[in-house]
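Here's the structure, in structure tokens; my notes come after.
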Amino acid sequence: MTELYNKHLITTQDWEKEWLDKVLALAKDMKKHRYEKPYTKILKDKTFMMFFYNPSVRTRQSFEAAATELGGHAQFLEPKSMRLKEKGKAGETVEDAAKVMSRYAVGLGIRILEDAISEYGQGEDLLREYAKYLTIPIVSMAHDKYHPCQGLADLMGLQEHMGDVKGKKITMMWGYSSMVRSWSSVQEDIMLFPRYGMDFTLAYPEGFELDPEVIEHGKKNAEASGSKFEISHDRCEAVKGAQVVYSRNWMSPKRYVIGKEEEKKIALKFKDWRYTKELAELTDNAYYIHPMPIDRGNEVDDEVASGPRSIVYDLAENRLHAQKAVMALTMAKGWK
Amino acid sequence: MLTKSLKGKDYISLMDYSKEELETLLEVSMDLKKKLMLGESHEYLKNKTLAMIFANPSTRTRTSFEAAMTQLGGHAQFHTPEVMQIAHHETWIDTAKVLDRYVDGIMIRMYGIGKYGSARAILNVMAENANIPIFNALDDKEHPCQILADIMTMKEKLGPNWKEKKVVMSWAYSERVKSCGVPQTMAIAASLLGMNLTLAYPEKYDVDPKYMTFANKAAEKSGAKIEVVHDIYDASKDADVIYAKSWGSFLMSKEEDIEYRKKFKEDWKIARKHFDIANKKAIFMHCLPADRNLEVTDEIIDGPMSVVYDEAENRLHTEKAIMALAMQ
């Protein structure tokens with residue numbers, strides 16, 4: 001087994017499946033023995049740095065709690081108060097910041113989404129630039145392309161409820177919202193779930209295409225695991241027989257060009273794309289999942305989100321356990 | 001080394017420190033660095049809290065102080081009190097008195113809030129109104145945390161005769177007008193410890209004369225050599241350390257300064273040509289963040305002579321020593 005110590009986690013796609021299995025197994029054990037040794041001592045006296053280019057609730061709380069539960073401390077940092085170099089402005093380069101952080105901390109998390117960049121891919125480029133100069137591991141806390149910790153938490157939750165997910169049918173459905181949401185969470189799962197053998201159906205109104213490279217990865221992963229990968233523009237057809245439904249808003253590729261306000265107007269045309277009780281009846285008693293925050297009444301009916309098949313809080317909790325497992329394996333060694 | 005307790009002592013100006021006290025801080029810093037390396041527990045500040053007040057942005061100071069408290073077993077609180085930025089003494093007195101009841105030490109970063117010395121006045125007011133120690137994490141006069149880390153680095157890199165080695169603190173070109181806290185504090189520390197310091201800067205970049213007066217007097221006692229040179233090539237000759245740092249002039253407005261300094265852009269950007277005339281084993285230092293290719297070329301700051309990341313790391317160890325001794 002490869003040593004995961006010091007490995008960067010920018011997307012699960014970069015990692016071998018057996019590494020992901022190791023994280024999932026540890027996360028599940030940590031969930032069972034949450035406040036027991038050795039788990040409470042793994043990061044004792046150690047510091048985890050969190051750079052938030054974009055605001056966040058769950059991510060900050062779960063990463064900060066993760067460091068605390070492992071016996072360490074997380075520093076909440078906003079680059080706007082750090083004199084970092086920006087276009088046309090003097091400041092510290094990524095190289096210098098990365099090398100100094102490597103001397104103070106055992107790990108660095110970065111969150112950077114579309115509101116902090118001007119072009120798709122810039123967030124990912126920034127993470128990879130940090131990775132180049134760091135001697136400590138970096139973990140994505142969601143960036144413009146991927147959200148590996150959300151992916152791991154989602155998969156962990158499905159495994160807990162369904163056992164082996166191989167051969168299970170999941171439908172990921174675009175949902176209306178004026179929130180103009182990121183691609184990170186959905187793109188992570190599009191690649192990750194087919195690797196674990198789930199039959200994947202992606203449903204969205206035309207115009208809301210995602211990164212073609214990600215779709216390509218999803219298809220190839222499905223092929224390798226012998227599962228199906230389909231794209232549909234008919235939500236009723238798409239949810240038929242599904243065992244899991246993931247309904248969530250995402251922005252169109254035009255967002256980077258036309259801006260947030262114009263993007264909201266495009267989405268308005270598809271207000272009927274909501275995961276309703278009626279749609280839920282077409283499924284095979286599907287579990288409902290969503291990375292939260294949920295735009296209730298738009299992306300999904302209240303009664304579905306709060307219904308008996310909704311497992312959204314379990315997945316939210318799993319963020320904590322999955323992140324603890326990633327941190328324990330990549331930022332510390334010799335504790336087992 | 002000194003065993004007299006430093007408990008409760010403010011760390012605002014190095015002028016309030018003796019040679020022995022500075023040497024103690026350096027010894028303890030080294031000891032804590034070794035303990036960290038060996039994984040030995042050193043929770044001298046268990047259950048204690050440091051309040052960090054940032055009136056100005058920072059990366060290294062924030063991250064190193066907060067990590068320092070974590071390693072010492074305590075906790076650091078991050079505050080950016082927008083309202084406290086006003087130089088209003090009543091507010092600061094109340095803040096000091098209340099924090100005194102909650103926490104075990106206060107770290108403050110504050111500069112550029114009006115005329116030179118205004119930030120220092122607030123730090124002094126805080127110190128007068130709190131029994132707990134106040135740590136100066138860069139005000140408009142000094143940067144004593146940086147200087148202790150710098151000197152620790154020199155001690156590590158220059159060998160047993162480090163105090164005799166020629167340290168050149170050089171003014172460097174930047175598009176921003178920066179604080180003169182670093183050269184002023186270095187002059188104090190070097191004069192107290194008996195070091196060999198050359199301050200190199202173009203005409204009109206004299207530092208606060210109070211610091212030079214103190215340094216010259218302290219040098220008489222310690223045997224330190226403190227020189228001022230206005231030619232960077234003269235200064236670089238036989239240097240063992242070239243430390244680049246940009247700072248502003250006391251004699252000009254910001255706008256005038258920005259114009260005036262342009263003529264020094266090429267000569268005062270630390271580059272290969274300076275190291276060609278320095279001692280063979282000379283090292284490059286910078287307190288970071290560096291304005292790359294303005295203050296120093298990439299070739300030098302990324303080259304084998306650069307110790308800037310070791311220097312940044314030592315911020316952590318020295319801050320731990322300062323706090324462990326004062327907050328115990």
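Ordering of the structure tokens sets the chain letters (A, B, ...); residue numbers start at 1 within each chain; ligands are numbered from 1 in the order shown.
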Exercise: region 111-115 of chain A partners within 6 Å, only C-alpha atoms, chain neighbours under 4 positions left out, as a ChimeraX atom specification:
/A:52-54,123,141-144
Leaving out Met285 (chain B) and any residue of its chain fewer than 6 positions from it, which residues lie within 6 Å of it when counting only C-alpha atoms, given as a PyMOL selection string?
chain B and resi 243+307-308
Give me, as a list in words, all polymer residues having an atom no more than 7 Å from region 161-172 of chain A, counting only C-alpha atoms and skipping those fewer than 2 positions away in the same chain.
Gly157, Leu158, Gln159, Trp174, Tyr196, Gly197, Met198, Asp199, Phe200, Thr201, Leu202, Ala203, Ser227, Ala238, Val239, Ala242, Gln243, Val244, Val245, Tyr246 and Ser247 of chain A
Show me, as a VMD selection string, every residue of chain A with an atom at most 7 Å from chain B, counting only C-alpha atoms.
chain A and resid 45 to 47 73 81 to 83 90 to 92 99 to 100 103 to 104
Kindly save the residues from that selection, with C-alpha atoms included, as a tab-separated table (two decimals), in the first residue's frame.
chain	number	residue	atom	x	y	z
A	45	ASP	CA	0.24	20.60	18.82
A	46	LYS	CA	-0.02	20.74	15.02
A	47	THR	CA	-1.47	23.48	12.84
A	73	HIS	CA	-5.64	23.59	15.63
A	81	SER	CA	-5.89	40.21	4.84
A	82	MET	CA	-2.61	38.58	3.83
A	83	ARG	CA	-0.90	40.93	1.36
A	90	ALA	CA	2.61	44.20	-5.26
A	91	GLY	CA	2.51	41.42	-2.72
A	92	GLU	CA	3.83	38.05	-1.78
A	99	LYS	CA	7.36	27.82	1.39
A	100	VAL	CA	6.76	29.74	4.60
A	103	ARG	CA	7.56	25.75	7.92
A	104	TYR	CA	4.65	26.58	10.23
I need the residues in region 197-227 of chain A that are alpha helix (DSSP H) according to DSSP; give them as a PDB file with N, CA and C atoms, in the first residue's frame.
ATOM      1  N   PRO A 212     -16.529  19.393 -20.272  1.00  0.00           N
ATOM      2  CA  PRO A 212     -16.516  18.165 -21.094  1.00  0.00           C
ATOM      3  C   PRO A 212     -15.434  17.173 -20.656  1.00  0.00           C
ATOM      4  N   GLU A 213     -14.362  17.698 -20.114  1.00  0.00           N
ATOM      5  CA  GLU A 213     -13.276  16.819 -19.666  1.00  0.00           C
ATOM      6  C   GLU A 213     -13.748  15.944 -18.492  1.00  0.00           C
ATOM      7  N   VAL A 214     -14.560  16.558 -17.626  1.00  0.00           N
ATOM      8  CA  VAL A 214     -15.090  15.833 -16.471  1.00  0.00           C
ATOM      9  C   VAL A 214     -16.053  14.736 -16.940  1.00  0.00           C
ATOM     10  N   ILE A 215     -16.898  15.078 -17.904  1.00  0.00           N
ATOM     11  CA  ILE A 215     -17.848  14.104 -18.451  1.00  0.00           C
ATOM     12  C   ILE A 215     -17.081  12.926 -19.058  1.00  0.00           C
ATOM     13  N   GLU A 216     -16.010  13.262 -19.741  1.00  0.00           N
ATOM     14  CA  GLU A 216     -15.159  12.233 -20.355  1.00  0.00           C
ATOM     15  C   GLU A 216     -14.598  11.289 -19.281  1.00  0.00           C
ATOM     16  N   HIS A 217     -14.095  11.892 -18.182  1.00  0.00           N
ATOM     17  CA  HIS A 217     -13.597  11.071 -17.063  1.00  0.00           C
ATOM     18  C   HIS A 217     -14.706  10.177 -16.519  1.00  0.00           C
ATOM     19  N   GLY A 218     -15.896  10.747 -16.364  1.00  0.00           N
ATOM     20  CA  GLY A 218     -17.034   9.995 -15.832  1.00  0.00           C
ATOM     21  C   GLY A 218     -17.331   8.788 -16.711  1.00  0.00           C
ATOM     22  N   LYS A 219     -17.359   9.016 -18.042  1.00  0.00           N
ATOM     23  CA  LYS A 219     -17.659   7.930 -18.985  1.00  0.00           C
ATOM     24  C   LYS A 219     -16.596   6.840 -18.914  1.00  0.00           C
ATOM     25  N   LYS A 220     -15.338   7.283 -18.894  1.00  0.00           N
ATOM     26  CA  LYS A 220     -14.231   6.299 -18.873  1.00  0.00           C
ATOM     27  C   LYS A 220     -14.250   5.495 -17.581  1.00  0.00           C
ATOM     28  N   ASN A 221     -14.533   6.192 -16.475  1.00  0.00           N
ATOM     29  CA  ASN A 221     -14.582   5.484 -15.189  1.00  0.00           C
ATOM     30  C   ASN A 221     -15.696   4.445 -15.199  1.00  0.00           C
ATOM     31  N   ALA A 222     -16.832   4.817 -15.824  1.00  0.00           N
ATOM     32  CA  ALA A 222     -17.967   3.895 -15.897  1.00  0.00           C
ATOM     33  C   ALA A 222     -17.588   2.673 -16.729  1.00  0.00           C
ATOM     34  N   GLU A 223     -16.921   2.934 -17.838  1.00  0.00           N
ATOM     35  CA  GLU A 223     -16.496   1.852 -18.719  1.00  0.00           C
ATOM     36  C   GLU A 223     -15.595   0.880 -17.966  1.00  0.00           C
ATOM     37  N   ALA A 224     -14.650   1.463 -17.221  1.00  0.00           N
ATOM     38  CA  ALA A 224     -13.681   0.633 -16.496  1.00  0.00           C
ATOM     39  C   ALA A 224     -14.364  -0.226 -15.431  1.00  0.00           C
ATOM     40  N   SER A 225     -15.427   0.308 -14.838  1.00  0.00           N
ATOM     41  CA  SER A 225     -16.072  -0.458 -13.757  1.00  0.00           C
ATOM     42  C   SER A 225     -17.276  -1.254 -14.264  1.00  0.00           C
TER      43      SER A 225
END
Strand (DSSP E) per DSSP on the backbone: members of region 12-226 of chain A, as number ranges by chain
A: 47-52, 73-77, 107-112, 138-143, 169-174, 199-203
For CA of Glu156 (chain B) and CA of Lys245 (chain B), the interatomic separation in Å (one decimal)
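Rounded to one decimal, the two atoms are 20.8 Å apart.
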I'd like the neighbourhood of region 135-152 of chain B as a PDB file with N, CA and C atoms, in the first residue's frame, where a residue qualifies if any of its atoms comes within 8 Å (using only C-alpha atoms), though same-chain residues fewer than 6 positions away should be ignored.
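result_32.pdb written:
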ATOM      1  N   ASP B  10       6.863  43.429  28.973  1.00  0.00           N
ATOM      2  CA  ASP B  10       6.390  43.788  27.632  1.00  0.00           C
ATOM      3  C   ASP B  10       7.513  43.606  26.628  1.00  0.00           C
ATOM      4  N   TYR B  11       7.139  43.320  25.384  1.00  0.00           N
ATOM      5  CA  TYR B  11       8.120  43.224  24.306  1.00  0.00           C
ATOM      6  C   TYR B  11       7.703  44.247  23.255  1.00  0.00           C
ATOM      7  N   ILE B  12       7.932  45.505  23.590  1.00  0.00           N
ATOM      8  CA  ILE B  12       7.505  46.589  22.702  1.00  0.00           C
ATOM      9  C   ILE B  12       8.716  47.216  22.023  1.00  0.00           C
ATOM     10  N   SER B  13       9.703  47.588  22.834  1.00  0.00           N
ATOM     11  CA  SER B  13      10.908  48.192  22.265  1.00  0.00           C
ATOM     12  C   SER B  13      12.128  47.442  22.768  1.00  0.00           C
ATOM     13  N   LEU B  14      13.052  47.169  21.854  1.00  0.00           N
ATOM     14  CA  LEU B  14      14.285  46.496  22.292  1.00  0.00           C
ATOM     15  C   LEU B  14      15.153  47.423  23.126  1.00  0.00           C
ATOM     16  N   LEU B  26      17.388  34.320  22.818  1.00  0.00           N
ATOM     17  CA  LEU B  26      17.973  33.530  21.726  1.00  0.00           C
ATOM     18  C   LEU B  26      18.236  32.086  22.163  1.00  0.00           C
ATOM     19  N   SER B  29      14.940  30.262  22.419  1.00  0.00           N
ATOM     20  CA  SER B  29      14.416  30.000  21.059  1.00  0.00           C
ATOM     21  C   SER B  29      15.055  28.737  20.494  1.00  0.00           C
ATOM     22  N   MET B  30      16.361  28.653  20.642  1.00  0.00           N
ATOM     23  CA  MET B  30      17.105  27.509  20.115  1.00  0.00           C
ATOM     24  C   MET B  30      16.652  26.225  20.816  1.00  0.00           C
ATOM     25  N   THR B  61       3.141  36.885  10.532  1.00  0.00           N
ATOM     26  CA  THR B  61       2.962  37.190  11.947  1.00  0.00           C
ATOM     27  C   THR B  61       1.752  36.463  12.494  1.00  0.00           C
ATOM     28  N   GLY B 105      -1.877  37.444  27.422  1.00  0.00           N
ATOM     29  CA  GLY B 105      -0.920  38.248  26.677  1.00  0.00           C
ATOM     30  C   GLY B 105      -1.642  38.891  25.502  1.00  0.00           C
ATOM     31  N   ILE B 106      -1.120  40.036  25.043  1.00  0.00           N
ATOM     32  CA  ILE B 106      -1.737  40.707  23.889  1.00  0.00           C
ATOM     33  C   ILE B 106      -0.655  40.970  22.852  1.00  0.00           C
ATOM     34  N   MET B 107      -0.933  40.545  21.622  1.00  0.00           N
ATOM     35  CA  MET B 107      -0.037  40.846  20.516  1.00  0.00           C
ATOM     36  C   MET B 107      -0.702  41.913  19.665  1.00  0.00           C
ATOM     37  N   ILE B 108       0.033  42.958  19.303  1.00  0.00           N
ATOM     38  CA  ILE B 108      -0.571  44.012  18.474  1.00  0.00           C
ATOM     39  C   ILE B 108       0.288  44.289  17.252  1.00  0.00           C
ATOM     40  N   ARG B 109      -0.383  44.394  16.109  1.00  0.00           N
ATOM     41  CA  ARG B 109       0.270  44.907  14.910  1.00  0.00           C
ATOM     42  C   ARG B 109      -0.462  46.178  14.516  1.00  0.00           C
ATOM     43  N   MET B 110       0.266  47.260  14.445  1.00  0.00           N
ATOM     44  CA  MET B 110      -0.367  48.530  14.099  1.00  0.00           C
ATOM     45  C   MET B 110       0.666  49.528  13.587  1.00  0.00           C
ATOM     46  N   TYR B 111       0.402  50.077  12.405  1.00  0.00           N
ATOM     47  CA  TYR B 111       1.266  51.141  11.879  1.00  0.00           C
ATOM     48  C   TYR B 111       0.466  51.957  10.872  1.00  0.00           C
ATOM     49  N   GLY B 112       1.047  53.082  10.462  1.00  0.00           N
ATOM     50  CA  GLY B 112       0.403  53.893   9.423  1.00  0.00           C
ATOM     51  C   GLY B 112      -0.931  54.472   9.841  1.00  0.00           C
ATOM     52  N   TYR B 116       4.089  59.570  12.539  1.00  0.00           N
ATOM     53  CA  TYR B 116       5.059  58.638  13.105  1.00  0.00           C
ATOM     54  C   TYR B 116       4.983  58.654  14.627  1.00  0.00           C
ATOM     55  N   GLY B 117       4.858  57.503  15.219  1.00  0.00           N
ATOM     56  CA  GLY B 117       4.813  57.425  16.679  1.00  0.00           C
ATOM     57  C   GLY B 117       3.407  57.251  17.236  1.00  0.00           C
ATOM     58  N   SER B 118       2.371  57.477  16.411  1.00  0.00           N
ATOM     59  CA  SER B 118       0.995  57.357  16.911  1.00  0.00           C
ATOM     60  C   SER B 118       0.667  55.925  17.326  1.00  0.00           C
ATOM     61  N   ALA B 119       1.146  54.973  16.542  1.00  0.00           N
ATOM     62  CA  ALA B 119       0.871  53.575  16.869  1.00  0.00           C
ATOM     63  C   ALA B 119       1.619  53.201  18.153  1.00  0.00           C
ATOM     64  N   ARG B 120       2.876  53.636  18.250  1.00  0.00           N
ATOM     65  CA  ARG B 120       3.659  53.345  19.450  1.00  0.00           C
ATOM     66  C   ARG B 120       2.965  53.909  20.694  1.00  0.00           C
ATOM     67  N   LEU B 123       0.383  51.482  21.761  1.00  0.00           N
ATOM     68  CA  LEU B 123       0.980  50.301  22.405  1.00  0.00           C
ATOM     69  C   LEU B 123       1.381  50.636  23.845  1.00  0.00           C
ATOM     70  N   SER B 179       7.548  50.748   6.245  1.00  0.00           N
ATOM     71  CA  SER B 179       7.976  51.149   7.590  1.00  0.00           C
ATOM     72  C   SER B 179       9.487  50.975   7.782  1.00  0.00           C
ATOM     73  N   CYS B 180      10.102  51.829   8.629  1.00  0.00           N
ATOM     74  CA  CYS B 180      11.533  51.689   8.910  1.00  0.00           C
ATOM     75  C   CYS B 180      11.752  50.914  10.209  1.00  0.00           C
ATOM     76  N   GLY B 181      10.724  50.189  10.629  1.00  0.00           N
ATOM     77  CA  GLY B 181      10.827  49.403  11.862  1.00  0.00           C
ATOM     78  C   GLY B 181      11.972  48.405  11.849  1.00  0.00           C
ATOM     79  N   VAL B 182      12.206  47.758  10.724  1.00  0.00           N
ATOM     80  CA  VAL B 182      13.236  46.718  10.672  1.00  0.00           C
ATOM     81  C   VAL B 182      14.641  47.301  10.860  1.00  0.00           C
ATOM     82  N   GLN B 184      15.610  50.111  12.179  1.00  0.00           N
ATOM     83  CA  GLN B 184      15.741  50.741  13.497  1.00  0.00           C
ATOM     84  C   GLN B 184      15.933  49.694  14.602  1.00  0.00           C
ATOM     85  N   THR B 185      15.133  48.650  14.533  1.00  0.00           N
ATOM     86  CA  THR B 185      15.253  47.610  15.559  1.00  0.00           C
ATOM     87  C   THR B 185      16.582  46.876  15.417  1.00  0.00           C
ATOM     88  N   MET B 186      17.008  46.670  14.159  1.00  0.00           N
ATOM     89  CA  MET B 186      18.280  45.974  13.961  1.00  0.00           C
ATOM     90  C   MET B 186      19.428  46.781  14.571  1.00  0.00           C
ATOM     91  N   ALA B 189      19.353  46.173  18.355  1.00  0.00           N
ATOM     92  CA  ALA B 189      19.771  44.811  18.722  1.00  0.00           C
ATOM     93  C   ALA B 189      21.268  44.620  18.495  1.00  0.00           C
ATOM     94  N   CYS B 287      13.014  39.919   5.284  1.00  0.00           N
ATOM     95  CA  CYS B 287      11.988  39.568   6.271  1.00  0.00           C
ATOM     96  C   CYS B 287      10.696  39.079   5.626  1.00  0.00           C
ATOM     97  N   GLU B 311      14.765  31.880   7.918  1.00  0.00           N
ATOM     98  CA  GLU B 311      14.529  33.108   8.679  1.00  0.00           C
ATOM     99  C   GLU B 311      13.043  33.210   9.051  1.00  0.00           C
ATOM    100  N   ALA B 312      12.186  32.914   8.082  1.00  0.00           N
ATOM    101  CA  ALA B 312      10.739  32.958   8.353  1.00  0.00           C
ATOM    102  C   ALA B 312      10.366  31.897   9.381  1.00  0.00           C
ATOM    103  N   ASN B 314      12.162  30.806  11.753  1.00  0.00           N
ATOM    104  CA  ASN B 314      12.627  31.222  13.082  1.00  0.00           C
ATOM    105  C   ASN B 314      11.705  32.230  13.753  1.00  0.00           C
ATOM    106  N   ARG B 315      10.832  32.857  12.973  1.00  0.00           N
ATOM    107  CA  ARG B 315       9.804  33.704  13.597  1.00  0.00           C
ATOM    108  C   ARG B 315       9.022  32.874  14.620  1.00  0.00           C
ATOM    109  N   HIS B 317       9.909  30.072  16.260  1.00  0.00           N
ATOM    110  CA  HIS B 317      10.663  29.655  17.449  1.00  0.00           C
ATOM    111  C   HIS B 317      10.930  30.832  18.398  1.00  0.00           C
ATOM    112  N   THR B 318      11.242  31.991  17.823  1.00  0.00           N
ATOM    113  CA  THR B 318      11.539  33.143  18.687  1.00  0.00           C
ATOM    114  C   THR B 318      10.264  33.670  19.346  1.00  0.00           C
ATOM    115  N   GLU B 319       9.166  33.659  18.613  1.00  0.00           N
ATOM    116  CA  GLU B 319       7.913  34.116  19.228  1.00  0.00           C
ATOM    117  C   GLU B 319       7.512  33.188  20.369  1.00  0.00           C
TER     118      GLU B 319
END
Compare B:Ala200, B:Ala271, B:Gly223, B:Val229 by their minimum atom-to-atom distance to Lys19 (chain B), counting only C-alpha atoms, and give me the closest one.
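Of B:Ala200, B:Ala271, B:Gly223, B:Val229, the one nearest Lys19 (chain B) is B:Gly223, counting only C-alpha atoms.
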Compile the contact shell of Lys221 (chain B) as a ChimeraX atom specification: residues with an atom at most 10 Å away, counting only C-alpha atoms, same-chain residues fewer than 4 positions apart removed.
/B:191-194,216-217
Go ahead and save the picked residues with N, CA and C atoms, as a tab-separated table (two decimals), in the first residue's frame.
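result.tsv was written with the following content:
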chain	number	residue	atom	x	y	z
B	191	SER	N	23.63	46.84	18.39
B	191	SER	CA	24.46	47.63	19.30
B	191	SER	C	24.46	47.01	20.71
B	192	LEU	N	23.35	46.45	21.12
B	192	LEU	CA	23.30	45.82	22.44
B	192	LEU	C	24.14	44.54	22.48
B	193	LEU	N	24.05	43.77	21.40
B	193	LEU	CA	24.71	42.46	21.39
B	193	LEU	C	26.19	42.54	20.99
B	194	GLY	N	26.63	43.69	20.51
B	194	GLY	CA	28.04	43.81	20.10
B	194	GLY	C	28.31	43.28	18.71
B	216	ASN	N	24.56	54.17	19.03
B	216	ASN	CA	25.96	54.58	19.17
B	216	ASN	C	26.43	54.51	20.63
B	217	LYS	N	25.53	54.89	21.53
B	217	LYS	CA	25.86	54.85	22.94
B	217	LYS	C	26.01	53.40	23.44
What's the 12 Å shell around Tyr120 (chain A), counting only C-alpha atoms, without same-chain residues fewer than 3 positions away, as a list in words?
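Near Tyr120 (chain A), the qualifying residues are Ile112, Leu113, Glu114, Asp115, Ala116, Ile117, Gly123, Glu124, Asp125, Leu126, His143, Asp144, Lys145, Tyr146, Ser182, Trp183, Ser184, Leu210, Asp211, Met251, Ser252, Pro253, Lys254, Arg255, Tyr256 and Val257 of chain A.
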C-alpha atoms of the current selection, written as a tab-separated table (two decimals), in the first residue's frame:
chain	number	residue	atom	x	y	z
A	112	ILE	CA	-11.44	29.24	-4.21
A	113	LEU	CA	-14.62	29.39	-6.28
A	114	GLU	CA	-15.88	31.29	-9.31
A	115	ASP	CA	-16.53	34.56	-7.47
A	116	ALA	CA	-12.81	34.91	-6.75
A	117	ILE	CA	-11.57	34.18	-10.28
A	123	GLY	CA	-8.76	28.12	-9.08
A	124	GLU	CA	-7.39	24.71	-9.99
A	125	ASP	CA	-4.24	26.35	-11.40
A	126	LEU	CA	-3.71	28.20	-8.13
A	143	HIS	CA	-12.39	24.99	-5.92
A	144	ASP	CA	-13.83	25.90	-9.32
A	145	LYS	CA	-13.42	22.34	-10.67
A	146	TYR	CA	-13.57	19.86	-7.82
A	182	SER	CA	-20.47	26.08	-8.48
A	183	TRP	CA	-19.53	23.01	-10.48
A	184	SER	CA	-17.17	21.65	-7.86
A	210	LEU	CA	-20.51	20.94	-17.43
A	211	ASP	CA	-16.79	20.64	-18.15
A	251	MET	CA	-24.43	27.48	-13.33
A	252	SER	CA	-24.09	27.36	-17.10
A	253	PRO	CA	-20.68	27.69	-18.76
A	254	LYS	CA	-21.69	31.22	-19.75
A	255	ARG	CA	-21.42	32.38	-16.11
A	256	TYR	CA	-17.76	33.34	-16.50
A	257	VAL	CA	-18.54	35.50	-19.51
Leaving out region 312-322 of chain A and any residue of its chain fewer than 3 positions from it, which residues lie within 6 Å of it when counting only C-alpha atoms, given as an mmCIF file with N, CA and C atoms, in the first residue's frame?
data_model
loop_
_atom_site.group_PDB
_atom_site.id
_atom_site.type_symbol
_atom_site.label_atom_id
_atom_site.label_comp_id
_atom_site.auth_asym_id
_atom_site.auth_seq_id
_atom_site.Cartn_x
_atom_site.Cartn_y
_atom_site.Cartn_z
ATOM 1 N N ALA A 27 -12.365 6.750 7.827
ATOM 2 C CA ALA A 27 -13.417 7.706 8.183
ATOM 3 C C ALA A 27 -14.549 7.007 8.938
ATOM 4 N N SER A 62 -16.456 22.341 9.449
ATOM 5 C CA SER A 62 -16.073 20.930 9.471
ATOM 6 C C SER A 62 -14.559 20.764 9.482
ATOM 7 N N ALA A 66 -12.552 19.317 12.543
ATOM 8 C CA ALA A 66 -11.722 18.137 12.252
ATOM 9 C C ALA A 66 -10.351 18.289 12.908
ATOM 10 N N ALA A 153 -17.377 12.295 1.262
ATOM 11 C CA ALA A 153 -18.458 12.287 2.256
ATOM 12 C C ALA A 153 -19.732 11.699 1.639
ATOM 13 N N ASP A 154 -20.012 12.069 0.389
ATOM 14 C CA ASP A 154 -21.203 11.561 -0.295
ATOM 15 C C ASP A 154 -21.118 10.042 -0.458
ATOM 16 N N GLY A 157 -21.542 8.174 2.748
ATOM 17 C CA GLY A 157 -22.947 8.144 3.178
ATOM 18 C C GLY A 157 -23.742 7.103 2.411
ATOM 19 N N ILE A 289 -30.075 13.041 -1.899
ATOM 20 C CA ILE A 289 -28.817 13.627 -1.408
ATOM 21 C C ILE A 289 -28.574 15.017 -2.000
ATOM 22 N N HIS A 290 -27.817 15.810 -1.280
ATOM 23 C CA HIS A 290 -27.519 17.178 -1.686
ATOM 24 C C HIS A 290 -26.358 17.648 -0.798
ATOM 25 N N ALA A 325 -10.121 11.844 8.223
ATOM 26 C CA ALA A 325 -9.359 10.710 7.702
ATOM 27 C C ALA A 325 -8.300 11.179 6.704
#
Which of A:Leu279, A:Val106, A:Ile10, A:Ser56 sits closest to Lys333 (chain A) [using only C-alpha atoms]:
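Of all the options, A:Val106 lies closest to Lys333 (chain A).
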